[in-house]
Every structure is written in structure tokens, then in C-alpha cells.
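K.L.:
This one is target-v4.txt, compact mmCIF, C-alpha atoms and all ligand atoms.
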# COMPACT_ATOMS: atom_id res chain seq x y z
CA MET A 1 0.00 0.00 0.00
CA LEU A 2 1.13 3.56 -0.68
CA PHE A 3 -0.32 6.19 1.68
CA LYS A 4 -0.56 9.34 -0.45
CA ASP A 5 -0.39 12.91 0.80
CA ILE A 6 -1.00 11.95 4.44
CA THR A 7 0.03 13.60 7.71
CA ILE A 8 2.30 11.36 9.78
CA LEU A 9 3.71 11.33 13.30
CA ASP A 10 7.37 10.72 12.50
CA GLU A 11 9.84 8.76 14.60
CA ASP A 12 10.11 11.72 17.03
CA PHE A 13 6.29 12.02 17.12
CA GLU A 14 6.53 15.29 15.21
CA ALA A 15 3.67 15.96 12.82
CA GLN A 16 4.78 15.97 9.17
CA PRO A 17 2.08 16.93 6.67
CA HIS A 18 1.92 15.87 3.01
CA ARG A 19 3.97 12.67 3.24
CA TRP A 20 4.01 9.60 1.03
CA VAL A 21 4.56 6.34 2.97
CA GLY A 22 5.12 3.11 1.05
CA VAL A 23 4.75 -0.38 2.49
CA GLU A 24 6.12 -3.46 0.75
CA GLY A 25 5.48 -6.83 2.33
CA ALA A 26 5.70 -6.34 6.10
CA VAL A 27 8.01 -3.31 5.99
CA ILE A 28 7.85 0.47 5.52
CA THR A 29 10.23 1.00 2.61
CA TYR A 30 9.56 4.60 1.63
CA ILE A 31 8.80 7.87 3.43
CA GLY A 32 9.06 11.06 1.45
CA ASP A 33 7.45 14.44 0.72
CA ALA A 34 6.62 13.43 -2.84
CA ALA A 35 5.42 10.32 -4.60
CA PRO A 36 8.14 7.71 -5.17
CA ALA A 37 9.31 7.29 -8.76
CA ASP A 38 7.93 3.76 -9.17
CA ALA A 39 4.70 4.11 -7.15
CA ALA A 40 3.02 1.11 -8.76
CA ARG A 41 5.23 -1.38 -6.89
CA PHE A 42 3.43 -0.56 -3.61
CA GLY A 43 0.04 -1.72 -4.86
CA GLU A 44 -3.05 0.16 -3.66
CA ALA A 45 -2.74 3.93 -3.37
CA TYR A 46 -4.54 5.23 -0.26
CA ASP A 47 -5.85 8.81 -0.29
CA GLY A 48 -4.40 10.32 2.89
CA ARG A 49 -6.04 13.75 2.76
CA GLY A 50 -7.76 14.53 6.08
CA LYS A 51 -6.05 11.53 7.70
CA LEU A 52 -3.24 10.91 10.20
CA LEU A 53 -0.87 7.95 9.88
CA MET A 54 0.76 6.95 13.17
CA PRO A 55 2.28 3.86 14.78
CA ALA A 56 -0.23 1.20 15.77
CA LEU A 57 -0.65 0.73 19.52
CA TYR A 58 0.88 -2.15 21.52
CA ASN A 59 -1.21 -3.50 24.37
CA ALA A 60 1.54 -4.38 26.85
CA HIS A 61 -0.66 -6.22 29.35
CA SER A 62 -3.87 -8.07 28.54
CA HIS A 63 -5.87 -11.20 29.30
CA ALA A 64 -7.67 -11.37 25.96
CA PRO A 65 -10.16 -14.22 26.58
CA MET A 66 -11.49 -12.36 29.62
CA THR A 67 -13.79 -10.55 27.16
CA LEU A 68 -16.24 -13.28 28.27
CA LEU A 69 -16.31 -11.62 31.71
CA ARG A 70 -17.03 -8.10 30.45
CA GLY A 71 -19.54 -6.56 32.86
CA TYR A 72 -19.76 -9.74 34.93
CA ALA A 73 -17.77 -8.83 38.07
CA GLU A 74 -18.48 -5.26 39.09
CA ASN A 75 -18.09 -3.05 42.15
CA LEU A 76 -16.07 -5.50 44.20
CA PRO A 77 -12.74 -5.25 46.03
CA LEU A 78 -9.90 -6.97 44.17
CA GLN A 79 -9.60 -10.13 46.26
CA ALA A 80 -13.36 -10.84 46.24
CA TRP A 81 -13.51 -9.90 42.55
CA LEU A 82 -10.74 -12.40 41.80
CA GLU A 83 -11.62 -15.28 44.12
CA GLN A 84 -15.44 -15.14 44.14
CA LYS A 85 -16.14 -14.05 40.56
CA CYS A 86 -13.21 -14.36 38.12
CA TRP A 87 -11.61 -17.67 39.14
CA PRO A 88 -14.88 -19.70 39.37
CA PHE A 89 -15.98 -18.32 35.96
CA GLU A 90 -12.59 -19.02 34.38
CA ALA A 91 -12.63 -22.60 35.73
CA LYS A 92 -15.62 -23.25 33.44
CA MET A 93 -13.97 -21.89 30.29
CA THR A 94 -13.08 -24.48 27.65
CA PRO A 95 -10.25 -24.07 25.10
CA GLU A 96 -12.91 -23.24 22.48
CA ASP A 97 -14.36 -20.53 24.77
CA ASN A 98 -10.86 -19.05 24.98
CA TYR A 99 -10.50 -19.10 21.20
CA TRP A 100 -13.73 -17.20 20.51
CA ALA A 101 -13.22 -14.73 23.35
CA CYS A 102 -9.66 -14.06 22.17
CA LYS A 103 -10.91 -13.49 18.64
CA LEU A 104 -13.39 -10.92 19.94
CA ALA A 105 -10.64 -9.19 21.91
CA LEU A 106 -8.45 -9.03 18.80
CA ALA A 107 -11.30 -7.54 16.76
CA GLU A 108 -11.83 -4.88 19.40
CA MET A 109 -8.12 -4.10 19.58
CA ALA A 110 -7.79 -3.89 15.79
CA ARG A 111 -10.86 -1.63 15.71
CA PHE A 112 -9.04 0.80 17.99
CA GLY A 113 -5.62 0.78 16.34
CA VAL A 114 -3.88 -1.98 18.31
CA ALA A 115 -1.61 -4.32 16.30
CA SER A 116 -0.07 -6.40 19.09
CA MET A 117 -0.68 -7.59 22.63
CA SER A 118 1.29 -9.14 25.49
CA ASP A 119 -1.29 -11.62 26.63
CA MET A 120 -1.21 -13.60 29.87
CA TYR A 121 -3.81 -16.35 29.89
CA TYR A 122 -4.53 -20.03 29.24
CA ALA A 123 -5.24 -22.03 26.07
CA THR A 124 -2.10 -20.90 24.25
CA PRO A 125 -2.72 -23.04 21.09
CA GLU A 126 -6.20 -21.52 20.71
CA ARG A 127 -4.85 -18.01 21.25
CA VAL A 128 -2.09 -18.65 18.69
CA GLN A 129 -4.76 -19.73 16.19
CA ALA A 130 -6.85 -16.61 16.85
CA VAL A 131 -3.84 -14.27 16.47
CA GLU A 132 -2.68 -16.04 13.32
CA GLU A 133 -6.12 -15.86 11.69
CA ALA A 134 -6.50 -12.18 12.61
CA HIS A 135 -3.00 -11.57 11.16
CA MET A 136 -2.03 -9.72 14.31
CA LYS A 137 0.92 -9.99 16.73
CA ALA A 138 1.16 -11.31 20.24
CA ASN A 139 3.58 -12.25 22.97
CA LEU A 140 1.67 -15.06 24.65
CA CYS A 141 2.38 -16.64 28.02
CA GLU A 142 0.50 -19.56 29.58
CA GLY A 143 -0.73 -18.51 33.01
CA LEU A 144 0.28 -20.47 36.07
CA LEU A 145 -1.10 -20.37 39.61
CA ALA A 146 1.57 -22.29 41.53
CA PHE A 147 0.32 -22.43 45.10
CA GLU A 148 1.74 -25.89 45.84
CA PRO A 149 5.35 -25.85 47.05
CA LYS A 150 6.93 -28.09 44.44
CA PRO A 151 9.44 -27.64 41.62
CA TYR A 152 8.20 -26.25 38.34
CA SER A 153 9.07 -29.52 36.58
CA GLU A 154 6.29 -31.25 38.56
CA TYR A 155 3.64 -28.92 37.14
CA PRO A 156 2.24 -30.23 33.82
CA ILE A 157 2.60 -26.72 32.38
CA CYS A 158 6.40 -27.16 32.41
CA GLN A 159 6.32 -29.66 29.52
CA MET A 160 3.47 -27.76 27.83
CA ASN A 161 5.54 -24.58 27.77
CA GLU A 162 8.52 -26.37 26.27
CA GLN A 163 6.24 -27.60 23.51
CA PHE A 164 4.75 -24.11 22.98
CA VAL A 165 8.22 -22.63 22.61
CA ARG A 166 9.20 -25.32 20.10
CA GLU A 167 6.01 -25.05 18.05
CA TYR A 168 5.06 -21.40 18.21
CA ASN A 169 7.95 -19.14 19.24
CA GLY A 170 8.76 -17.01 16.20
CA ALA A 171 5.85 -18.44 14.19
CA CYS A 172 4.07 -16.38 11.53
CA ASP A 173 7.24 -14.53 10.51
CA GLY A 174 7.89 -13.61 14.14
CA ARG A 175 4.43 -12.28 14.85
CA ILE A 176 3.94 -14.91 17.58
CA VAL A 177 6.35 -14.89 20.52
CA ILE A 178 6.11 -17.23 23.50
CA ASP A 179 6.90 -15.69 26.89
CA TYR A 180 6.95 -17.31 30.34
CA ASN A 181 4.65 -16.27 33.14
CA ILE A 182 4.80 -15.88 36.89
CA HIS A 183 1.28 -14.74 37.75
CA GLY A 184 2.37 -12.98 40.91
CA GLU A 185 4.41 -13.36 44.09
CA TYR A 186 1.23 -14.15 46.06
CA THR A 187 0.15 -16.92 43.69
CA SER A 188 3.50 -18.67 43.08
CA ASN A 189 5.85 -20.53 45.41
CA GLU A 190 9.48 -19.45 45.42
CA GLN A 191 10.96 -22.70 44.06
CA THR A 192 8.71 -22.54 40.99
CA CYS A 193 9.58 -18.89 40.42
CA ARG A 194 13.32 -19.63 40.59
CA ASP A 195 12.92 -22.56 38.17
CA ILE A 196 10.97 -20.45 35.69
CA VAL A 197 13.58 -17.66 35.78
CA ALA A 198 16.33 -20.23 35.13
CA ILE A 199 14.48 -21.61 32.08
CA VAL A 200 13.79 -18.13 30.68
CA LYS A 201 17.46 -17.22 31.09
CA GLU A 202 18.69 -20.45 29.52
CA LYS A 203 16.35 -20.23 26.52
CA GLY A 204 16.80 -16.48 25.98
CA LEU A 205 13.06 -15.78 26.36
CA ARG A 206 11.02 -13.10 28.13
CA LEU A 207 9.04 -13.02 31.36
CA HIS A 208 5.62 -11.44 32.01
CA ILE A 209 4.48 -10.98 35.62
CA HIS A 210 2.07 -9.09 37.87
CA ALA A 211 3.75 -7.13 40.67
CA SER A 212 2.75 -4.74 43.46
CA GLU A 213 -0.80 -4.20 42.27
CA THR A 214 -2.30 -3.64 45.72
CA ARG A 215 -1.12 -2.38 49.10
CA SER A 216 -2.09 -5.64 50.85
CA GLU A 217 -0.11 -7.68 48.29
CA VAL A 218 3.01 -5.71 49.21
CA GLU A 219 2.41 -5.95 52.97
CA GLU A 220 1.85 -9.71 52.82
CA CYS A 221 4.92 -10.19 50.61
CA ARG A 222 7.08 -8.32 53.14
CA GLY A 223 5.78 -10.69 55.83
CA ARG A 224 6.63 -13.78 53.76
CA HIS A 225 10.02 -12.70 52.44
CA GLY A 226 11.91 -11.03 55.28
CA GLY A 227 10.71 -7.51 54.54
CA LEU A 228 11.18 -7.66 50.76
CA SER A 229 8.58 -5.96 48.57
CA PRO A 230 7.38 -7.90 45.50
CA ILE A 231 9.86 -5.88 43.39
CA GLY A 232 12.68 -6.61 45.85
CA TYR A 233 11.67 -10.27 45.96
CA PHE A 234 11.53 -10.69 42.18
CA ASP A 235 14.88 -8.93 41.91
CA SER A 236 16.37 -11.23 44.54
CA ILE A 237 15.42 -14.35 42.57
CA GLY A 238 16.83 -12.97 39.30
CA ALA A 239 13.50 -12.24 37.58
CA PHE A 240 14.81 -8.86 36.44
CA ASP A 241 18.03 -10.29 35.04
CA VAL A 242 15.97 -11.49 32.07
CA PRO A 243 13.77 -9.26 29.86
CA CYS A 244 10.66 -8.74 31.97
CA THR A 245 7.31 -6.97 31.75
CA ALA A 246 5.90 -6.23 35.21
CA ALA A 247 2.25 -5.25 35.14
CA HIS A 248 0.84 -2.64 37.55
CA CYS A 249 3.73 -1.60 39.89
CA VAL A 250 1.24 0.60 41.75
CA TRP A 251 2.60 0.23 45.29
CA VAL A 252 6.31 0.73 44.64
CA ASP A 253 8.62 2.82 46.83
CA GLU A 254 11.83 4.67 45.95
CA GLY A 255 13.93 1.54 46.33
CA ASP A 256 11.59 -0.41 44.04
CA ILE A 257 11.65 2.38 41.45
CA ALA A 258 15.46 2.36 41.45
CA ILE A 259 15.48 -1.42 40.89
CA LEU A 260 12.91 -1.22 38.06
CA ALA A 261 14.87 1.56 36.34
CA ASP A 262 18.32 -0.01 36.84
CA LYS A 263 17.22 -3.42 35.59
CA GLY A 264 15.38 -2.06 32.54
CA VAL A 265 12.12 -3.72 33.57
CA PHE A 266 9.16 -2.81 31.36
CA VAL A 267 6.48 -1.45 33.69
CA ALA A 268 3.06 -2.03 32.12
CA ASN A 269 0.79 0.74 33.36
CA ASN A 270 -2.93 -0.16 33.52
CA PRO A 271 -4.62 3.08 34.56
CA ALA A 272 -8.23 2.03 33.91
CA SER A 273 -7.91 -1.29 35.71
CA ASN A 274 -6.06 0.24 38.67
CA MET A 275 -8.80 2.82 39.14
CA LYS A 276 -11.69 0.42 38.56
CA LEU A 277 -10.40 -2.04 41.17
CA ALA A 278 -9.41 0.86 43.45
CA SER A 279 -5.83 -0.40 43.50
CA GLY A 280 -4.45 3.15 43.39
CA PHE A 281 -2.26 5.31 41.19
CA ALA A 282 1.10 3.96 40.04
CA PRO A 283 3.95 6.48 40.47
CA ILE A 284 4.41 6.73 36.70
CA PRO A 285 5.93 10.25 36.81
CA ALA A 286 8.57 9.09 39.32
CA LEU A 287 9.24 5.95 37.27
CA LEU A 288 9.73 8.02 34.11
CA ALA A 289 11.92 10.51 35.97
CA ALA A 290 14.08 7.60 37.16
CA GLY A 291 14.45 6.42 33.55
CA ALA A 292 12.23 3.35 33.81
CA ASN A 293 10.69 1.80 30.70
CA VAL A 294 6.96 2.50 30.91
CA CYS A 295 4.48 0.90 28.54
CA LEU A 296 0.68 0.76 28.54
CA GLY A 297 -1.92 -1.99 28.79
CA THR A 298 -5.64 -2.52 29.10
CA ASP A 299 -5.51 -5.48 31.52
CA GLY A 300 -8.48 -7.89 31.33
CA MET A 301 -12.05 -7.02 30.48
CA ALA A 302 -13.32 -7.76 33.99
CA SER A 303 -11.49 -4.64 35.15
CA ASN A 304 -11.53 -2.09 32.34
CA ASN A 305 -13.98 -3.05 30.48
CA ASN A 306 -12.81 -2.28 26.94
CA HIS A 307 -9.84 -2.68 24.64
CA ASP A 308 -9.96 0.89 23.33
CA MET A 309 -6.37 1.80 24.18
CA PHE A 310 -7.01 5.43 23.26
CA LYS A 311 -8.98 5.57 26.51
CA ASP A 312 -6.04 4.20 28.51
CA LEU A 313 -3.76 6.60 26.66
CA TYR A 314 -6.00 9.50 27.71
CA LEU A 315 -6.15 8.29 31.31
CA MET A 316 -2.38 7.83 31.52
CA ALA A 317 -1.80 11.34 30.20
CA LEU A 318 -4.33 12.82 32.61
CA ILE A 319 -4.67 11.07 35.95
CA TYR A 320 -1.11 11.42 37.22
CA LYS A 321 -1.42 15.19 36.95
CA GLY A 322 -4.30 14.83 39.39
CA SER A 323 -2.69 12.30 41.68
CA THR A 324 0.58 14.30 42.00
CA LEU A 325 -1.03 17.78 41.93
CA ASP A 326 1.50 18.62 39.20
CA PRO A 327 0.13 19.53 35.75
CA THR A 328 3.58 19.25 34.14
CA VAL A 329 4.01 15.49 34.61
CA ILE A 330 3.36 13.01 31.77
CA THR A 331 3.66 14.82 28.46
CA PRO A 332 1.59 13.68 25.46
CA ARG A 333 4.86 12.47 23.95
CA GLN A 334 5.62 10.26 26.97
CA ALA A 335 2.10 8.82 26.96
CA LEU A 336 2.12 8.05 23.24
CA ALA A 337 5.62 6.54 23.48
CA ALA A 338 4.33 4.22 26.22
CA ALA A 339 1.43 3.13 24.01
CA THR A 340 3.57 2.55 20.93
CA ARG A 341 7.38 2.30 20.85
CA MET A 342 7.85 1.22 24.48
CA GLY A 343 5.16 -1.44 24.08
CA ALA A 344 6.93 -2.82 21.02
CA LEU A 345 10.25 -2.87 22.90
CA SER A 346 8.59 -4.60 25.86
CA GLN A 347 7.77 -7.42 23.43
CA GLY A 348 11.35 -7.54 22.15
CA ARG A 349 10.26 -6.10 18.80
CA LYS A 350 13.05 -3.63 18.10
CA ASP A 351 11.94 -2.91 14.52
CA CYS A 352 8.36 -1.99 15.50
CA GLY A 353 6.46 0.92 17.01
CA LEU A 354 7.55 3.88 14.88
CA VAL A 355 6.69 5.27 11.46
CA LYS A 356 10.19 4.86 10.10
CA GLU A 357 11.78 3.42 6.98
CA GLY A 358 12.94 -0.14 7.56
CA PHE A 359 10.49 -0.69 10.39
CA ARG A 360 7.66 -3.21 10.35
CA ALA A 361 4.45 -1.65 9.03
CA ASP A 362 2.37 -1.72 12.23
CA LEU A 363 0.31 1.37 11.56
CA CYS A 364 -3.04 2.98 12.17
CA VAL A 365 -4.84 5.69 10.24
CA LEU A 366 -7.10 8.18 12.03
CA ASP A 367 -9.76 10.32 10.37
CA THR A 368 -8.91 13.82 11.58
CA ASP A 369 -11.75 15.63 9.83
CA GLY A 370 -14.15 15.61 12.81
CA PRO A 371 -14.95 18.51 15.15
CA SER A 372 -12.78 17.18 18.00
CA TRP A 373 -9.68 17.62 15.83
CA CYS A 374 -10.25 21.32 15.09
CA PRO A 375 -8.26 23.51 15.46
CA CYS A 376 -4.96 21.69 15.26
CA ASN A 377 -2.65 23.79 17.41
CA ASP A 378 -0.66 20.65 18.17
CA LEU A 379 -1.42 17.34 16.51
CA LEU A 380 0.20 15.13 19.16
CA THR A 381 -1.81 16.86 21.89
CA ASN A 382 -4.99 16.35 19.87
CA VAL A 383 -4.21 12.63 19.47
CA VAL A 384 -3.77 12.12 23.21
CA TYR A 385 -6.42 14.44 24.69
CA ALA A 386 -9.02 14.89 21.94
CA GLY A 387 -8.67 11.72 19.85
CA HIS A 388 -10.92 8.69 20.15
CA GLY A 389 -10.33 5.05 19.30
CA SER A 390 -13.33 5.38 17.00
CA ASP A 391 -11.33 7.85 14.88
CA VAL A 392 -9.29 4.86 13.67
CA VAL A 393 -10.31 3.93 10.13
CA LEU A 394 -7.51 1.50 9.29
CA THR A 395 -5.16 -0.72 11.31
CA MET A 396 -2.24 -2.51 9.68
CA CYS A 397 -0.05 -5.25 11.18
CA ASP A 398 3.14 -6.32 9.40
CA GLY A 399 1.87 -4.66 6.24
CA ALA A 400 -1.52 -6.43 6.21
CA VAL A 401 -4.77 -4.57 6.81
CA VAL A 402 -6.45 -6.07 9.90
CA TYR A 403 -9.23 -3.47 10.20
CA ARG A 404 -10.60 -1.00 7.68
CA ASP A 405 -13.83 1.03 7.66
CA GLY A 406 -15.82 -1.47 9.71
CA GLU A 407 -14.36 -4.59 8.06
CA TYR A 408 -12.07 -7.20 9.62
CA PRO A 409 -10.35 -9.25 6.89
CA GLY A 410 -9.24 -12.04 9.28
CA ILE A 411 -12.26 -12.09 11.59
CA ASP A 412 -15.91 -13.04 10.98
CA LEU A 413 -17.17 -10.60 13.59
CA GLU A 414 -20.84 -11.60 13.38
CA ARG A 415 -19.97 -15.23 14.10
CA VAL A 416 -17.51 -14.28 16.85
CA GLU A 417 -20.06 -12.10 18.63
CA ALA A 418 -22.71 -14.82 18.46
CA GLU A 419 -20.30 -17.44 19.84
CA VAL A 420 -19.15 -15.21 22.69
CA ALA A 421 -22.68 -14.21 23.69
CA GLU A 422 -23.82 -17.85 23.73
CA ARG A 423 -20.77 -19.06 25.64
CA THR A 424 -20.95 -16.49 28.42
CA VAL A 425 -24.61 -17.44 29.04
CA ARG A 426 -23.67 -21.14 29.14
CA ILE A 427 -20.88 -20.58 31.66
CA GLN A 428 -23.07 -18.49 33.93
CA ARG A 429 -25.71 -21.23 33.81
CA GLU A 430 -23.07 -23.76 34.89
CA LEU A 431 -21.94 -21.71 37.87
ZN ZN A 501 -3.42 -8.51 34.68
What do you get writing this file as C-alpha cells?
P.N.:
Amino acid sequence: MLFKDITILDEDFEAQPHRWVGVEGAVITYIGDAAPADAARFGEAYDGRGKLLMPALYNAHSHAPMTLLRGYAENLPLQAWLEQKCWPFEAKMTPEDNYWACKLALAEMARFGVASMSDMYYATPERVQAVEEAHMKANLCEGLLAFEPKPYSEYPICQMNEQFVREYNGACDGRIVIDYNIHGEYTSNEQTCRDIVAIVKEKGLRLHIHASETRSEVEECRGRHGGLSPIGYFDSIGAFDVPCTAAHCVWVDEGDIAILADKGVFVANNPASNMKLASGFAPIPALLAAGANVCLGTDGMASNNNHDMFKDLYLMALIYKGSTLDPTVITPRQALAAATRMGALSQGRKDCGLVKEGFRADLCVLDTDGPSWCPCNDLLTNVVYAGHGSDVVLTMCDGAVVYRDGEYPGIDLERVEAEVAERTVRIQREL
């Protein structure tokens, strides 16, 4: 595809009007202020007037099949929400339920400009199938609740994960990546955690964890581990000596922030989920000031309840001004970097997340003709504070269109919606 005469956010997130951007295969091969000499080689010419071309978004922390629980567990404190609502519901979900719910999540993400997710859940083969069919990207980890004090090798998931790495890691021209998971300090015994870290290190993979989401989680961890916070504990067992995405990091102190920054941990901020479950406000300004890698996620649909990352982008750019009483913290540039480039890096995708020649064509196009885009004193500010996910008219992943003007080339949305609606009713009947 050749995007003609379109405004872009360049690799520094500066607005550049009247650009031609050419995509061949999975890669952006041309960016210029005039049409390339041999325009026909790019295939379809896309009229970019009145449109913005920017990097697609990367959802750095999700539980995609939890779309089945959208609106099911509301107005509850986190522990009751998890133990009384989410876990019993999830225990009834079949691999096929996971497939259809994941497909719905991917449709919703594509609709709102997301090309890739870091997804922590079960039913990895079904999620791989859904991602492959949608022609999107994902770093997938198989979730593990390891309450029993035994080595990782005695959990059946140990062999399953080895098989997933063999079969799926790097599949679909690298669009599928298999990560390892430690659900959280409070749900995993230490021996298992140490074993998982050793495997991740040996195989050169990545780790995806939850950490310091609630105040009580941190207090209980300190009681169990000689005063160590979850961040201190994970650091002590080597979890940050491998590439790691740590979701939440809400209740982190100065010492934790220094560890996260020094070790290059990717902190996945989930502002909607943290507010909805009343977990609190992560110290994102302090993390950024310390040089930490901050990316952005939606978390699961029982605590958000949507995959419109433009909403999370807006919240991230807004709420920390309120929580710190400082209107200068979190610039639009920092927020958009978290939602795009930093998310790509958190997935180990160094050639993704920017509109740049030689980079993978993970892109979204926004219609900027509407009233909320006028006037355009600063395009980046409009994207973050005035833009909506529904302004997205096209999402591209590795050069393939995955959403365009209401159509999903890799997803039969009508069928998916019918399956999901039927399956959530069945599960609730079984409970
Ligand atoms: Zn989560």
C-alpha cells in the first residue's frame, strides 16, 4: 500500500504533513514528501487527505479471553472480585471458549488501532490460532497459579511450555512470541519462580508478571520474604536479570523504582484497571523521571472493560497530573511513546512501534476531519487528549490490513459475537 499525501507522526512524534509512505510486504520501505518514482510497486494507493498515519498501539498487558467476563464482576474489592467471581468463571472456560473470546478481543483491539498484545492467559494453542487468523501480533504466556510448594518440573505446564516454545515461538514470521509467566508473588511458590527464571534465562526468552498491584499484596509479601517488597523479591530471585514486563507496579517505593529503572524492567501501566479495582495510582511520573521503561496496557475485560487503548492513553496522560497535583508530569509524547514504541520494545520487537523506513508496518490511520480535531494547534496533543479510538479507520499489522472502515479481513465478527454471547450465558448457567 502507498499512503498518499498523508500527515504522519514521525519517529520523534513530530507531525509531518503531506507525506508519502510506502509499504512493501511487512516493511515500511519509503517515506518522502513526494510520490516515489515507481509508485506502482506498492500496490493500492490510499488517499491520505484529512487523515493521520501513526504507529499502531501495543497493548503491553492483557488477558484477551477475559472478554467473556465483560460486565460480569463489578463493584467488588480486588480479592473478592478475583476469588469469588473471576476464578470460578474461568474454571468453566473451555479451550474453544478461549479461542472465541480471544478473537473478539483481537477484533476490538484492531478496531481501535492496536496491532499487538502481550497476553497472559490459558489455552495458548487456541490463542495462537486466533492471532494467526486475525493476522495480528502477540507475545503469549501460559498462566500459572503455583500455590503448591513443588518444583516447576512437577507442574504439567512445564512440559506444555517447552512444547509451545518449540512449536510457536517465532511463528508467523515472528508475529507470535512465546513468553513465560509468573502470575504474581502471592500466587507462586518461590521454588517454581526460581525454576521459571532459570528456564527463561537459559532459553533467551522473556518473562511477564504481575507485581505490586495492591497495598495488601506488598504488605503480605514483606511478611513472607523477610521484609522484601514484591519488586525486591523478584529482583532477589533474578526475575529482572531477564527481559521482563511487570504489570501494575502501583505500590512501589523509591527503592523499588530504582530497581525497576536499573534493571530495565518494562512497567506495564494499567490506569483504567487500577482505578476500577481501586488499587491506586502507580507512580508513573517518578518511574519516568528515574528512567524506567513505561508501557501501557488494558488489563483484562473484567477490570476495564474495553480494549480501546485510546482511553487508557488518555487516562495515563491525565490522571497522574491529578494524583501528584503537578500539571507538568506526563507529556503527550511520553504517553504516546508508552502506548507505541515502548510497548513494542517490551515485546522484544526492536523494529516496530515507529513510522520509520525499515520498520515493520504496524500502523493505524485516524480520520482527523471531525470537530474534535479542530483547530490543530498541536497534533500530538490532539491525538492524546481529543482523539478517540473510534477515529481509527484502518489498522495494519506487518503490512496487512487487519481493520478497515468497519471490516475485519481475518475475523468473521458476526460469528464471533454470536459465539461469545452464547458461551458467556452457558458458563453463567453452569456456575
Ligand atoms: Zn493482569
K.L.:
Please report, as a Markdown table, each residue of segment 248-311 of chain A lying at most 12 Å from segment 192-208 of chain A, together with the nearest pair of atoms and the separation in Å rounded to one decimal; use all atoms listed in the file, and order rows by chain and ascending residue number.
P.N.:
| residue | atom | partner | partner_atom | distance |
| --- | --- | --- | --- | --- |
| A:His248 | CA | A:His208 | CA | 11.4 |
| A:Val265 | CA | A:Leu207 | CA | 10.0 |
| A:Phe266 | CA | A:His208 | CA | 9.4 |
| A:Val267 | CA | A:His208 | CA | 10.2 |
| A:Ala268 | CA | A:His208 | CA | 9.8 |
K.L.:
To check your reading of the model: which residues sit at most 8 Å from ligand ZN 501 (chain A) when counting only C-alpha atoms and all ligand atoms? Write the answer as a ChimeraX atom specification.
P.N.:
/A:61-63,120,210,247-248,299-300
K.L.:
Restricting the calculation to only C-alpha atoms, which member of A:Asp367, A:Glu11, A:Glu132, A:Glu217 is positioned closest to Gly113 of chain A?
P.N.:
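Looking at the shortest contact to Gly113 of chain A, the residue is A:Asp367.
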K.L.:
Any idea what the distance is between atom CA of Arg415 of chain A and atom CA of Ala101 of chain A?
P.N.:
11.5 Å
K.L.:
In terms of the shortest atom-to-atom distance over all atoms listed in the file, which of A:Glu108, A:Glu154, A:Asp253, A:Glu213 is closest to Tyr408 of chain A?
P.N.:
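Counting all atoms listed in the file, the residue closest to Tyr408 of chain A is A:Glu108.
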K.L.:
How many Å lie between atom CA of Asn75 of chain A and atom CA of Ala105 of chain A, rounded to one decimal?
P.N.:
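Going from atom CA of Asn75 of chain A over to atom CA of Ala105 of chain A covers 22.4 Å.
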K.L.:
Hey, which of A:Gly32, A:Gly226, A:Pro371, A:Pro55 ends up closest to Gly343 of chain A? Count all atoms listed in the file.
P.N.:
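Among A:Gly32, A:Gly226, A:Pro371, A:Pro55, it is A:Pro55 that comes nearest to Gly343 of chain A.
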K.L.:
How many Å lie between atom CA of Arg426 of chain A and atom CA of Met309 of chain A, rounded to one decimal?
P.N.:
29.2 Å
K.L.:
Between A:Ala37, A:Leu104, A:Leu69, A:Ala246, single out the one closest to Glu414 of chain A, counting only C-alpha atoms.
P.N.:
A:Leu104
K.L.:
For each of A:Gln84, A:Thr340, A:Asn59, A:Asn305, take the minimum atom-to-atom distance to Asp362 of chain A, counting only C-alpha atoms, then give the residue where this is smallest.
P.N.:
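Using only C-alpha atoms, Asp362 of chain A sits closest to A:Thr340.
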K.L.:
Using only C-alpha atoms, can you tell me which of A:Ile427, A:Tyr58, A:Pro65, A:Thr368 comes closest to Ile6 of chain A?
P.N.:
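Result for the nearest residue to Ile6 of chain A: A:Thr368.
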K.L.:
Mind listing whatever residues come within 12 Å of the point (11.9, -9.3, 43.6)? Use only C-alpha atoms, file coordinates, and give them as a PyMOL selection string.
P.N.:
chain A and resi 182+184-186+190+193-194+197+209-212+218+221-222+225-241+244+246+249+252+255-257+259-260+263+265
K.L.:
Starting from the sparse input, extend segment 122-136 of chain A to N, CA and C atoms and give the output as an mmCIF file, in the coordinates of the input.
P.N.:
data_model
loop_
_atom_site.group_PDB
_atom_site.id
_atom_site.type_symbol
_atom_site.label_atom_id
_atom_site.label_comp_id
_atom_site.auth_asym_id
_atom_site.auth_seq_id
_atom_site.Cartn_x
_atom_site.Cartn_y
_atom_site.Cartn_z
ATOM 1 N N TYR A 122 -4.631 -18.586 29.460
ATOM 2 C CA TYR A 122 -4.530 -20.030 29.240
ATOM 3 C C TYR A 122 -4.776 -20.320 27.760
ATOM 4 N N ALA A 123 -4.884 -21.608 27.435
ATOM 5 C CA ALA A 123 -5.240 -22.030 26.070
ATOM 6 C C ALA A 123 -4.346 -21.385 25.014
ATOM 7 N N THR A 124 -3.046 -21.522 25.195
ATOM 8 C CA THR A 124 -2.100 -20.900 24.250
ATOM 9 C C THR A 124 -2.319 -21.361 22.800
ATOM 10 N N PRO A 125 -2.526 -22.665 22.514
ATOM 11 C CA PRO A 125 -2.720 -23.040 21.090
ATOM 12 C C PRO A 125 -3.928 -22.332 20.470
ATOM 13 N N GLU A 126 -5.013 -22.186 21.242
ATOM 14 C CA GLU A 126 -6.200 -21.520 20.710
ATOM 15 C C GLU A 126 -5.952 -20.026 20.503
ATOM 16 N N ARG A 127 -5.175 -19.440 21.420
ATOM 17 C CA ARG A 127 -4.850 -18.010 21.250
ATOM 18 C C ARG A 127 -3.911 -17.814 20.054
ATOM 19 N N VAL A 128 -2.977 -18.737 19.865
ATOM 20 C CA VAL A 128 -2.090 -18.650 18.690
ATOM 21 C C VAL A 128 -2.941 -18.675 17.413
ATOM 22 N N GLN A 129 -3.898 -19.607 17.374
ATOM 23 C CA GLN A 129 -4.760 -19.730 16.190
ATOM 24 C C GLN A 129 -5.529 -18.428 15.936
ATOM 25 N N ALA A 130 -6.075 -17.854 17.002
ATOM 26 C CA ALA A 130 -6.850 -16.610 16.850
ATOM 27 C C ALA A 130 -5.962 -15.483 16.331
ATOM 28 N N VAL A 131 -4.757 -15.346 16.879
ATOM 29 C CA VAL A 131 -3.840 -14.270 16.470
ATOM 30 C C VAL A 131 -3.403 -14.480 15.021
ATOM 31 N N GLU A 132 -3.116 -15.738 14.684
ATOM 32 C CA GLU A 132 -2.680 -16.040 13.320
ATOM 33 C C GLU A 132 -3.788 -15.700 12.322
ATOM 34 N N GLU A 133 -5.010 -16.123 12.617
ATOM 35 C CA GLU A 133 -6.120 -15.860 11.690
ATOM 36 C C GLU A 133 -6.410 -14.366 11.560
ATOM 37 N N ALA A 134 -6.253 -13.631 12.652
ATOM 38 C CA ALA A 134 -6.500 -12.180 12.610
ATOM 39 C C ALA A 134 -5.346 -11.426 11.958
ATOM 40 N N HIS A 135 -4.243 -12.137 11.679
ATOM 41 C CA HIS A 135 -3.000 -11.570 11.160
ATOM 42 C C HIS A 135 -2.485 -10.440 12.045
ATOM 43 N N MET A 136 -2.574 -10.704 13.380
ATOM 44 C CA MET A 136 -2.030 -9.720 14.310
ATOM 45 C C MET A 136 -0.797 -10.305 15.001
#
